[in-house]
$ cat run_30.tsv   # TSV, C-alpha atoms
chain	number	residue	atom	x	y	z
E	1	MET	CA	0.00	0.00	0.00
E	2	ALA	CA	1.39	3.40	-0.94
E	3	THR	CA	0.44	6.85	0.27
E	4	ALA	CA	1.39	9.94	-1.74
E	5	LEU	CA	3.36	12.77	-0.14
E	6	ALA	CA	2.50	16.25	-1.37
E	7	GLY	CA	5.28	18.58	-2.38
E	8	ASP	CA	4.28	21.42	-0.13
E	9	ALA	CA	3.60	19.24	2.92
E	10	ARG	CA	0.51	21.36	3.58
E	11	ILE	CA	-1.41	20.90	6.78
E	12	ASP	CA	-4.89	22.40	7.14
E	13	THR	CA	-5.15	24.19	10.46
E	14	GLU	CA	-7.30	27.02	11.70
E	15	LEU	CA	-5.21	30.12	12.35
E	16	ARG	CA	-6.69	31.93	15.31
E	17	SER	CA	-4.67	35.10	15.76
E	18	LYS	CA	-5.54	38.75	16.14
E	19	ILE	CA	-3.45	41.93	15.77
E	20	VAL	CA	-3.56	44.28	18.66
E	21	ASP	CA	-4.94	47.62	17.48
E	22	GLY	CA	-2.04	50.04	17.43
E	23	ASP	CA	-4.22	53.15	17.85
E	24	MET	CA	-4.26	53.43	21.60
E	25	GLY	CA	-4.39	57.23	21.76
E	26	ARG	CA	-7.02	58.93	23.87
E	27	LYS	CA	-8.60	62.29	23.14
E	28	ARG	CA	-7.84	64.80	25.84
E	29	LYS	CA	-9.94	67.93	26.39
E	30	PHE	CA	-8.10	70.88	27.83
E	31	THR	CA	-10.08	73.81	29.47
E	32	ARG	CA	-8.88	77.02	30.96
E	33	GLY	CA	-10.97	78.53	33.75
E	34	LEU	CA	-10.97	82.18	34.89
E	35	THR	CA	-11.38	83.32	38.50
E	36	PRO	CA	-14.42	85.62	38.73
E	37	PRO	CA	-13.69	89.24	39.76
E	38	LEU	CA	-14.23	90.30	43.35
E	39	ALA	CA	-17.91	91.29	43.87
E	40	LEU	CA	-18.93	93.53	46.72
E	41	PRO	CA	-22.45	92.98	48.17
E	42	LEU	CA	-23.72	96.56	47.72
E	43	ARG	CA	-27.21	97.53	48.70
E	44	GLY	CA	-29.49	99.11	46.18
E	45	GLU	CA	-29.48	102.90	45.64
E	46	GLY	CA	-31.53	105.20	47.92
E	47	SER	CA	-31.16	103.07	51.04
E	48	SER	CA	-30.58	104.87	54.33
E	49	ALA	CA	-29.85	101.90	56.49
E	50	PRO	CA	-26.45	102.05	58.26
E	51	PRO	CA	-23.88	99.38	57.52
E	52	SER	CA	-23.22	96.61	59.99
E	53	LEU	CA	-19.80	96.78	61.61
E	54	HIS	CA	-19.93	93.35	63.17
E	55	GLY	CA	-17.21	91.06	61.83
E	56	LYS	CA	-14.63	91.46	59.08
E	57	GLY	CA	-16.97	90.79	56.19
E	58	VAL	CA	-15.75	90.48	52.64
E	59	GLY	CA	-12.02	90.50	52.13
E	60	GLY	CA	-11.39	91.42	55.75
E	61	LEU	CA	-12.06	95.09	54.90
E	62	GLY	CA	-14.64	95.65	57.60
E	63	PHE	CA	-17.69	95.13	55.38
E	64	SER	CA	-20.52	92.81	56.17
E	65	ASN	CA	-21.70	90.11	53.80
E	66	SER	CA	-25.22	91.17	54.63
E	67	PRO	CA	-27.31	92.32	51.65
E	68	THR	CA	-28.37	95.31	53.75
E	69	ALA	CA	-24.86	96.82	53.78
E	70	SER	CA	-24.44	100.22	52.12
E	71	CYS	CA	-21.63	102.61	51.15
E	72	HIS	CA	-23.57	105.58	52.63
E	73	SER	CA	-23.32	106.69	56.26
E	74	PRO	CA	-24.29	109.79	58.30
E	75	GLU	CA	-20.83	109.76	59.90
E	76	PRO	CA	-18.51	111.98	57.74
E	77	LYS	CA	-15.23	110.23	58.56
E	78	LEU	CA	-16.72	106.83	58.20
E	79	THR	CA	-18.46	107.90	55.00
E	80	LEU	CA	-15.21	109.17	53.52
E	81	ARG	CA	-13.43	105.95	54.43
E	82	ILE	CA	-16.20	103.88	52.95
E	83	ILE	CA	-16.16	105.92	49.73
E	84	GLN	CA	-12.39	105.44	49.43
E	85	LEU	CA	-12.70	101.73	49.93
E	86	CYS	CA	-15.56	101.50	47.44
E	87	LEU	CA	-13.49	103.34	44.85
E	88	PHE	CA	-10.58	101.00	45.52
E	89	ALA	CA	-12.82	97.98	45.11
E	90	LEU	CA	-14.26	99.33	41.85
E	91	LEU	CA	-10.74	99.98	40.56
E	92	ALA	CA	-9.72	96.42	41.43
E	93	PHE	CA	-12.83	95.11	39.72
E	94	GLY	CA	-11.96	97.03	36.54
E	95	LEU	CA	-8.40	95.73	36.49
E	96	VAL	CA	-9.49	92.13	36.91
E	97	CYS	CA	-12.06	92.44	34.14
E	98	ALA	CA	-9.48	94.00	31.82
E	99	CYS	CA	-7.01	91.21	32.53
E	100	SER	CA	-9.70	88.60	32.03
E	101	GLY	CA	-10.67	90.09	28.71
E	102	SER	CA	-7.06	90.16	27.60
E	103	LEU	CA	-6.49	86.50	28.64
E	104	SER	CA	-9.64	85.40	26.90
E	105	GLN	CA	-8.56	87.09	23.67
E	106	ASP	CA	-5.11	85.53	23.93
E	107	SER	CA	-6.69	82.11	24.38
E	108	VAL	CA	-8.84	82.45	21.30
E	109	SER	CA	-5.91	83.73	19.29
E	110	THR	CA	-3.73	80.83	20.38
E	111	GLY	CA	-6.39	78.26	19.53
E	112	SER	CA	-6.95	79.83	16.14
E	113	GLN	CA	-3.23	79.89	15.40
E	114	LEU	CA	-2.92	76.19	16.41
E	115	SER	CA	-5.80	75.25	14.14
E	116	GLU	CA	-4.30	77.15	11.23
E	117	SER	CA	-0.85	75.61	11.82
E	118	VAL	CA	-2.35	72.10	11.69
E	119	LYS	CA	-4.11	72.92	8.43
E	120	ALA	CA	-0.93	74.39	6.99
E	121	ALA	CA	1.29	71.48	8.07
E	122	PRO	CA	2.31	69.28	5.10
E	123	HIS	CA	1.21	65.63	5.15
E	124	ASP	CA	3.62	62.95	3.96
E	125	GLY	CA	1.00	61.39	1.76
E	126	ASP	CA	0.24	64.74	0.10
E	127	SER	CA	3.85	65.71	-0.59
E	128	PRO	CA	5.14	64.60	-4.01
E	129	LYS	CA	8.73	64.81	-2.81
E	130	THR	CA	7.98	62.68	0.24
E	131	GLN	CA	6.14	60.14	-1.91
E	132	GLU	CA	9.11	59.94	-4.28
E	133	ARG	CA	11.44	59.41	-1.32
E	134	LEU	CA	9.29	56.58	0.03
E	135	GLU	CA	9.10	54.88	-3.36
E	136	SER	CA	12.83	55.22	-3.95
E	137	SER	CA	13.63	53.68	-0.56
E	138	CYS	CA	11.81	50.42	-1.37
E	139	ARG	CA	11.63	47.94	-4.24
E	140	MET	CA	8.57	46.33	-5.80
E	141	VAL	CA	8.71	42.54	-5.54
E	142	LYS	CA	6.19	40.27	-7.27
E	143	HIS	CA	5.17	37.16	-5.36
E	144	ALA	CA	2.43	34.56	-5.04
E	145	LEU	CA	-0.16	36.95	-3.57
E	146	GLY	CA	0.60	40.12	-5.49
E	147	GLU	CA	3.25	42.80	-5.46
E	148	THR	CA	4.88	44.37	-2.42
E	149	CYS	CA	7.22	47.30	-1.91
E	150	VAL	CA	9.97	46.06	0.39
E	151	PRO	CA	12.84	48.02	1.99
E	152	ALA	CA	15.98	48.36	-0.08
E	153	HIS	CA	17.99	46.55	2.57
E	154	PRO	CA	15.80	44.77	5.16
E	155	GLN	CA	17.40	44.44	8.59
E	156	ARG	CA	14.70	42.75	10.68
E	157	VAL	CA	13.39	39.69	8.84
E	158	VAL	CA	10.86	37.15	10.10
E	159	ALA	CA	10.73	33.72	8.41
E	160	LEU	CA	7.43	31.83	8.73
E	161	VAL	CA	8.39	28.81	6.64
E	162	SER	CA	11.36	26.48	6.95
E	163	ASN	CA	12.90	27.05	3.52
E	164	ALA	CA	12.90	30.80	4.18
E	165	VAL	CA	14.88	30.15	7.37
E	166	VAL	CA	17.58	28.11	5.62
E	167	ASN	CA	17.70	30.51	2.66
E	168	LEU	CA	18.31	33.41	5.02
E	169	LEU	CA	21.12	31.52	6.70
E	170	SER	CA	22.53	30.59	3.29
E	171	LEU	CA	22.65	34.28	2.37
E	172	GLY	CA	24.31	35.20	5.64
E	173	VAL	CA	21.20	36.82	7.15
E	174	GLN	CA	20.17	36.06	10.72
E	175	PRO	CA	16.38	36.31	11.10
E	176	ILE	CA	14.92	37.99	14.18
E	177	GLY	CA	12.08	35.45	14.26
E	178	ALA	CA	11.75	31.96	12.76
E	179	VAL	CA	9.60	28.85	12.82
E	180	SER	CA	10.81	25.79	14.70
E	181	ASN	CA	10.03	23.00	12.21
E	182	VAL	CA	13.43	23.06	10.53
E	183	PRO	CA	16.21	20.45	10.27
E	184	SER	CA	17.93	19.78	13.59
E	185	PHE	CA	21.23	21.38	12.60
E	186	VAL	CA	19.39	24.63	11.77
E	187	LEU	CA	17.99	24.95	15.30
E	188	ASP	CA	21.55	25.15	16.60
E	189	LYS	CA	22.05	28.24	14.44
E	190	LEU	CA	18.95	29.95	15.85
E	191	LYS	CA	19.93	30.22	19.51
E	192	ASP	CA	19.55	34.02	19.58
E	193	VAL	CA	16.45	34.06	17.38
E	194	GLU	CA	12.85	34.36	18.62
E	195	ILE	CA	11.20	31.01	17.90
E	196	LEU	CA	7.64	31.52	16.67
E	197	GLY	CA	6.35	27.94	16.79
E	198	TYR	CA	5.44	25.77	13.82
E	199	SER	CA	4.68	27.02	10.32
E	200	GLU	CA	1.07	25.91	10.77
E	201	GLN	CA	0.62	28.21	13.77
E	202	VAL	CA	1.32	31.78	12.67
E	203	ASN	CA	1.41	33.92	15.84
E	204	LEU	CA	0.59	37.48	14.81
E	205	GLU	CA	1.08	38.95	18.29
E	206	LYS	CA	4.65	37.66	18.54
E	207	ILE	CA	5.46	38.90	15.05
E	208	LEU	CA	4.03	42.33	15.85
E	209	LEU	CA	6.23	42.65	18.94
E	210	LEU	CA	9.36	41.88	16.91
E	211	LYS	CA	8.78	44.96	14.70
E	212	PRO	CA	10.05	43.33	11.48
E	213	ASP	CA	10.69	45.23	8.26
E	214	LEU	CA	10.16	42.12	6.10
E	215	ILE	CA	8.14	38.91	6.49
E	216	LEU	CA	8.76	35.79	4.38
E	217	ALA	CA	6.05	33.12	4.30
E	218	GLN	CA	4.44	30.40	2.19
E	219	LYS	CA	1.03	30.70	0.54
E	220	TRP	CA	-0.48	27.66	2.25
E	221	ASN	CA	0.18	28.98	5.77
E	222	ALA	CA	0.02	32.75	5.27
E	223	GLU	CA	-2.80	33.39	2.80
E	224	PRO	CA	-5.56	33.43	5.48
E	225	VAL	CA	-3.72	36.16	7.42
E	226	TYR	CA	-1.87	37.88	4.58
E	227	ASP	CA	-3.68	41.21	5.03
E	228	LYS	CA	-2.83	41.27	8.73
E	229	LEU	CA	0.78	40.31	8.10
E	230	SER	CA	1.07	43.08	5.52
E	231	LYS	CA	-0.08	45.62	8.12
E	232	ILE	CA	2.78	44.54	10.36
E	233	ALA	CA	5.48	44.66	7.67
E	234	PRO	CA	5.98	44.15	3.91
E	235	THR	CA	5.22	40.47	3.28
E	236	VAL	CA	6.54	38.31	0.44
E	237	ILE	CA	4.82	34.97	-0.23
E	238	THR	CA	6.25	31.96	-2.06
E	239	ASP	CA	4.21	29.12	-3.56
E	240	PHE	CA	6.87	26.65	-4.64
E	241	ARG	CA	7.10	22.91	-4.08
E	242	ILE	CA	9.94	21.46	-2.02
E	243	GLY	CA	11.79	20.49	-5.17
E	244	GLU	CA	11.56	24.06	-6.50
E	245	TRP	CA	14.13	25.27	-4.01
E	246	LYS	CA	16.12	27.27	-6.56
E	247	GLU	CA	13.07	29.35	-7.47
E	248	ALA	CA	12.32	29.96	-3.78
E	249	LEU	CA	15.91	31.08	-3.22
E	250	ALA	CA	15.68	33.53	-6.13
E	251	LEU	CA	12.53	35.16	-4.72
E	252	HIS	CA	13.85	35.35	-1.17
E	253	ALA	CA	17.10	36.86	-2.44
E	254	GLU	CA	15.18	39.43	-4.47
E	255	ALA	CA	13.17	40.44	-1.41
E	256	LEU	CA	16.39	40.84	0.56
E	257	GLY	CA	18.15	42.76	-2.19
E	258	MET	CA	20.74	39.96	-2.42
E	259	THR	CA	20.21	38.55	-5.90
E	260	ASP	CA	23.92	38.75	-6.74
E	261	LYS	CA	24.77	36.80	-3.60
E	262	ALA	CA	22.27	34.09	-4.51
E	263	LYS	CA	23.72	33.79	-8.02
E	264	GLN	CA	27.18	33.46	-6.51
E	265	LEU	CA	26.01	30.64	-4.23
E	266	MET	CA	24.38	28.79	-7.11
E	267	ALA	CA	27.52	29.17	-9.22
E	268	GLN	CA	29.50	27.52	-6.42
E	269	TYR	CA	26.90	24.75	-6.28
E	270	ASP	CA	27.23	24.16	-10.03
E	271	GLU	CA	31.01	23.97	-9.70
E	272	ARG	CA	30.75	21.27	-7.05
E	273	ILE	CA	28.30	19.34	-9.23
E	274	GLU	CA	30.79	19.33	-12.10
E	275	ARG	CA	33.61	18.28	-9.79
E	276	PHE	CA	31.55	15.37	-8.46
E	277	LYS	CA	30.63	14.21	-11.95
E	278	ALA	CA	34.25	14.28	-13.01
E	279	GLN	CA	35.35	12.21	-10.02
E	280	MET	CA	32.56	9.67	-10.49
E	281	GLY	CA	33.67	9.00	-14.05
E	282	GLU	CA	32.04	5.97	-15.67
E	283	ARG	CA	30.31	4.98	-12.44
E	284	LEU	CA	28.08	8.04	-12.73
E	285	LYS	CA	25.64	6.35	-15.10
E	286	GLN	CA	25.93	2.95	-13.44
E	287	THR	CA	25.08	3.79	-9.83
E	288	SER	CA	21.40	4.06	-8.97
E	289	VAL	CA	20.73	5.93	-5.75
E	290	SER	CA	17.65	5.26	-3.60
E	291	LEU	CA	16.35	7.85	-1.13
E	292	ILE	CA	14.45	6.58	1.91
E	293	GLY	CA	13.04	8.65	4.73
E	294	VAL	CA	11.79	7.08	7.94
E	295	TYR	CA	9.14	9.16	9.68
E	296	PRO	CA	6.88	8.58	12.68
E	297	GLU	CA	4.13	7.67	10.19
E	298	GLY	CA	6.22	5.06	8.39
E	299	ILE	CA	8.68	4.56	5.52
E	300	PHE	CA	8.76	6.86	2.50
E	301	ILE	CA	10.59	6.69	-0.80
E	302	PHE	CA	11.43	10.00	-2.49
E	303	PHE	CA	11.11	10.88	-6.16
E	304	GLN	CA	13.14	13.21	-8.35
E	305	ASN	CA	10.82	16.11	-7.41
E	306	SER	CA	12.05	16.00	-3.82
E	307	PHE	CA	14.89	18.26	-2.72
E	308	GLY	CA	17.45	15.46	-2.67
E	309	GLY	CA	16.01	14.13	-5.92
E	310	THR	CA	16.68	17.41	-7.74
E	311	ILE	CA	20.35	17.27	-6.74
E	312	LEU	CA	20.72	13.70	-7.95
E	313	GLN	CA	19.04	14.81	-11.17
E	314	ASP	CA	21.45	17.76	-11.56
E	315	ILE	CA	24.34	15.33	-11.18
E	316	GLY	CA	22.88	12.74	-13.52
E	317	LEU	CA	22.76	9.84	-11.08
E	318	PRO	CA	20.10	7.26	-12.04
E	319	ARG	CA	17.23	6.39	-9.71
E	320	PRO	CA	15.46	3.09	-9.01
E	321	PRO	CA	12.46	2.66	-11.37
E	322	ALA	CA	9.93	2.92	-8.53
E	323	GLN	CA	11.30	6.36	-7.61
E	324	VAL	CA	10.92	7.92	-11.06
E	325	ARG	CA	7.69	9.87	-11.59
E	326	ASP	CA	8.25	12.19	-14.54
E	327	LYS	CA	4.78	13.72	-14.74
E	328	SER	CA	4.02	13.80	-11.04
E	329	ARG	CA	4.44	16.80	-8.76
E	330	LEU	CA	4.56	14.50	-5.74
E	331	ILE	CA	7.86	14.41	-3.90
E	332	GLY	CA	7.46	10.97	-2.37
E	333	GLU	CA	5.28	8.06	-1.35
E	334	ARG	CA	4.72	6.00	1.75
E	335	ILE	CA	5.31	2.29	1.28
E	336	SER	CA	4.42	-0.77	3.31
E	337	LYS	CA	7.01	-3.34	4.34
E	338	GLU	CA	5.68	-5.63	1.64
E	339	LEU	CA	6.79	-3.02	-0.92
E	340	MET	CA	10.23	-2.61	0.62
E	341	ARG	CA	11.81	-3.58	-2.70
E	342	TYR	CA	10.78	-0.15	-4.04
E	343	GLY	CA	13.48	1.28	-1.81
E	344	ASP	CA	16.31	-0.83	-3.21
E	345	GLY	CA	19.16	0.50	-5.35
E	346	ASP	CA	22.92	0.24	-5.86
E	347	VAL	CA	23.21	2.68	-2.95
E	348	ILE	CA	20.61	3.58	-0.32
E	349	LEU	CA	20.73	6.91	1.52
E	350	ALA	CA	18.35	6.85	4.49
E	351	TRP	CA	17.41	9.37	7.15
E	352	SER	CA	14.90	9.81	9.93
E	353	TYR	CA	12.91	12.99	10.28
E	354	SER	CA	10.13	14.62	12.21
E	355	ASP	CA	9.15	18.27	12.27
E	356	THR	CA	8.26	18.23	15.97
E	357	LEU	CA	10.63	17.53	18.84
E	358	ALA	CA	8.04	15.25	20.44
E	359	THR	CA	8.15	12.78	17.54
E	360	VAL	CA	11.85	12.85	16.65
E	361	ARG	CA	12.50	9.88	18.92
E	362	SER	CA	9.68	7.95	17.27
E	363	ALA	CA	11.22	8.46	13.83
E	364	ARG	CA	14.64	7.31	15.03
E	365	GLU	CA	13.16	4.23	16.67
E	366	ASN	CA	11.41	3.35	13.41
E	367	LEU	CA	14.71	3.58	11.55
E	368	ASN	CA	16.46	1.36	14.08
E	369	ARG	CA	13.67	-1.24	13.82
E	370	LEU	CA	13.90	-1.11	10.04
E	371	LYS	CA	17.56	-2.13	10.13
E	372	SER	CA	16.64	-5.49	11.65
E	373	ASP	CA	13.55	-6.17	9.56
E	374	PRO	CA	13.86	-9.41	7.48
E	375	LEU	CA	12.47	-7.75	4.35
E	376	TRP	CA	14.97	-4.92	4.71
E	377	LEU	CA	17.86	-7.31	5.12
E	378	LYS	CA	17.02	-8.93	1.77
E	379	LEU	CA	17.63	-5.74	-0.24
E	380	ASP	CA	20.69	-5.84	-2.53
E	381	ALA	CA	22.14	-2.58	-1.19
E	382	VAL	CA	21.83	-3.90	2.37
E	383	GLU	CA	23.54	-7.18	1.48
E	384	GLN	CA	26.35	-5.27	-0.28
E	385	GLY	CA	26.84	-2.94	2.68
E	386	ARG	CA	25.95	0.16	0.69
E	387	VAL	CA	23.37	1.71	2.98
E	388	TYR	CA	24.37	5.05	4.47
E	389	GLN	CA	22.48	6.93	7.14
E	390	VAL	CA	22.41	10.68	6.54
E	391	GLU	CA	20.87	13.60	8.43
E	392	ASP	CA	17.65	15.50	7.82
E	393	HIS	CA	19.29	18.24	5.75
E	394	TRP	CA	18.09	16.11	2.82
E	395	THR	CA	14.53	17.28	3.52
E	396	ILE	CA	14.65	21.04	2.91
E	397	GLY	CA	16.16	22.95	-0.01
E	398	SER	CA	18.67	25.81	0.09
E	399	PRO	CA	22.29	26.42	-0.91
E	400	LEU	CA	23.31	25.62	2.66
E	401	THR	CA	21.59	22.23	2.74
E	402	ALA	CA	22.51	21.50	-0.89
E	403	ASN	CA	26.18	21.71	0.03
E	404	LEU	CA	25.60	19.34	2.94
E	405	VAL	CA	23.93	16.89	0.55
E	406	LEU	CA	26.92	17.16	-1.78
E	407	ASP	CA	29.21	16.52	1.19
E	408	ASP	CA	27.35	13.24	1.77
E	409	LEU	CA	27.60	12.25	-1.89
E	410	PHE	CA	31.32	12.97	-2.03
E	411	LYS	CA	31.81	11.01	1.19
E	412	TYR	CA	29.76	7.89	0.46
E	413	LEU	CA	29.98	7.57	-3.33
E	414	ILE	CA	33.57	8.68	-3.88
E	415	GLU	CA	35.62	8.56	-0.69
E	416	GLU	CA	34.05	5.34	0.64
E	417	ARG	CA	34.31	3.73	-2.80
E	418	SER	CA	38.01	4.49	-3.01
E	419	LYS	CA	38.56	2.53	0.21
E	420	MET	CA	37.10	-0.66	-1.30

$ encode --input "run_30.tsv" --output "C-alpha cells"
Amino acid sequence: MATALAGDARIDTELRSKIVDGDMGRKRKFTRGLTPPLALPLRGEGSSAPPSLHGKGVGGLGFSNSPTASCHSPEPKLTLRIIQLCLFALLAFGLVCACSGSLSQDSVSTGSQLSESVKAAPHDGDSPKTQERLESSCRMVKHALGETCVPAHPQRVVALVSNAVVNLLSLGVQPIGAVSNVPSFVLDKLKDVEILGYSEQVNLEKILLLKPDLILAQKWNAEPVYDKLSKIAPTVITDFRIGEWKEALALHAEALGMTDKAKQLMAQYDERIERFKAQMGERLKQTSVSLIGVYPEGIFIFFQNSFGGTILQDIGLPRPPAQVRDKSRLIGERISKELMRYGDGDVILAWSYSDTLATVRSARENLNRLKSDPLWLKLDAVEQGRVYQVEDHWTIGSPLTANLVLDDLFKYLIEERSKM
C-alpha cells in the first residue's frame, strides 16, 4: 500500500490570531478657567440703612456680607473711608475684568493659530517629494499573492516557513524570528532568534512585537492572514514545491536585495556538481541511488521532485524505477514493508525525520527497527553494505543544505568507494 506525499507538505489548520490595534491614543480635552472678579455685596441705591460693623466681612475690609450693607453713612469720617474703599474695590474690579478680557482674547488667538498651523502642516501622503522618497527607498517585488514594496535593505526579517529560514542563513542573514520546524542542525544556528512555533501556527502577536521590516512566508500557511501580516510589515509569499528550491531562493534573495549573492552561491553549487561528476567518471551512469526517509508515520521513498532528488538529477545519477515519476508533482510516497523492494538500489541513503521535537525519537526508533527487519535485510544494497544513514538536511532545499547533501555524496559515493 502506498500513500502519496504532497510537495508542499501542507497541513490544514485554523489560524486563530488577532493583531492588537495600534491606535491606543485617547482624546484629551483641555479647558482654561478664569477666577471671577471680586464682587462687593452693595445695597441698592436710595437706602438709608447704616452698615453693619460686626465682623470682618468680605475680604477682611470691615464690610458685612449682609445684603443690607451700604456705602452711605451719616458719619462723615466713616463715610469718607467707605467711599475710598468702594473706589478701591471698583478699581480692582476694573483691572481684573481688563485682565480677564485680555487673557480670553489671547486664548482664542492661540487656539486659532494652532488650528491654522495644523491645516498648513504638510502631510507625507500629500507631498510629491515625500512620496518619491518613500518609493525610492523600497523595491517592488512580485510574489504569489501580489506585489509588495519592500525596503531596499531589510534588517529585521521574520521567516514563517522552513525554507525561508535556511535561505536566510545561506545568504548570511540572521532572522529575528523563525519557525521551529526546521532540520535539527538549523535549530543550533537559531539560539539568539525568537522562535515563533510551527509554520502551521502563525502567531501574529509575537510577530508584531518583533517589529520586522520584512516577512517571508508560504502561501499555504500565510494566505488566510496575509492582510494582517502586511499591516505589520511588507510580506513576500512563495508558492513553490519542495523540489523548486532554486526558485524559492531567487525570490527570497530578491526580497532581501541579495540577488547577486544568490547567483554566486548557485555558481559555487554548479562547480561542485561538475567536480563530483568528473570524479565519479564511468560509475556516474551505473550507480542508482535510492532515497528513503523514515518518519513517525512510516517509511517513504522520495522521487526526483524531492529536494534530494533534484540534486541527484542535476548530477545525472540514475534512480530506481519505482522512484521515477516524470509527470508527477509528488515528492514521495509511503510504502508498506511488503513493498520494501521499491526502496532498493545500488546505494541507499536513508534518514529519519520529524518536524516536531516530540516525535523525533519515534522516527529514530522506526529507523532502528527497520535495520533489523527481514524484508529490509534482503535488499541488494543492504547485502552489499551500501546503505548510508544521513541527516535530515536532505529534507529542505537551500544552498546551505545542498552543500551538505553534496558533502554526503562525495563522502559515500567517492571517498568510501576508493577505500574498497

$ closest_residue --input "run_30.tsv" --among "E:Gln384, E:Ser162, E:Gln286, E:Gln264" --to "E:Ile396" --atoms "only C-alpha atoms"
E:Ser162

$ atom_distance --input "run_30.tsv" --atom1 "atom CA of E:Glu282" --atom2 "atom CA of E:Ser328"
29.5 Å

$ residues_around --input "run_30.tsv" --residues "E:Asp346" --least-positions-apart "6" --cutoff "12 Å" --atoms "only C-alpha atoms" --output "JSON, numbers by chain"
{"E": [283, 284, 285, 286, 287, 288, 289, 290, 291, 317, 318, 319, 320, 379, 380, 381, 382, 383, 384, 385, 386, 387, 388, 413]}

$ closest_residue --input "run_30.tsv" --among "E:Val294, E:Val193, E:Glu391, E:Asp188" --to "E:Lys371" --atoms "all atoms listed in the file"
E:Val294

$ residues_around --input "run_30.tsv" --residues "E:Asn181" --least-positions-apart "4" --cutoff "12 Å" --atoms "all atoms listed in the file" --output "number ranges by chain"
E: 9, 159-166, 185-187, 190, 195-201, 353-360, 392, 395-396

$ closest_residue --input "run_30.tsv" --among "E:Ile335, E:Ala322, E:Leu312, E:Ala262" --to "E:Leu169" --atoms "all atoms listed in the file"
E:Ala262

$ closest_residue --input "run_30.tsv" --among "E:Leu375, E:Leu208, E:Ile414, E:Leu249" --to "E:Leu339" --atoms "all atoms listed in the file"
E:Leu375

$ closest_residue --input "run_30.tsv" --among "E:Val182, E:Thr401, E:Leu145, E:Ser306" --to "E:Val225" --atoms "all atoms listed in the file"
E:Leu145

$ atom_distance --input "run_30.tsv" --atom1 "atom CA of E:Gly257" --atom2 "atom CA of E:Lys189"
22.4 Å

$ atom_distance --input "run_30.tsv" --atom1 "atom CA of E:Pro175" --atom2 "atom CA of E:Lys219"
19.5 Å

$ residues_around --input "run_30.tsv" --residues "E:Leu210" --least-positions-apart "6" --cutoff "10 Å" --atoms "all atoms listed in the file" --output "ChimeraX atom specification"
/E:156-158,176-177,194,232

$ residues_around --input "run_30.tsv" --residues "E:Leu409" --least-positions-apart "6" --cutoff "10 Å" --atoms "all atoms listed in the file" --output "ChimeraX atom specification"
/E:276,312,349,403,415-416

$ closest_residue --input "run_30.tsv" --among "E:Val202, E:Leu251, E:Leu265, E:Ala402" --to "E:Asp314" --atoms "all atoms listed in the file"
E:Ala402

$ residues_around --input "run_30.tsv" --residues "E:Trp220" --least-positions-apart "2" --cutoff "8 Å" --atoms "only C-alpha atoms" --output "PyMOL selection string"
chain E and resi 10+218+222-223+239
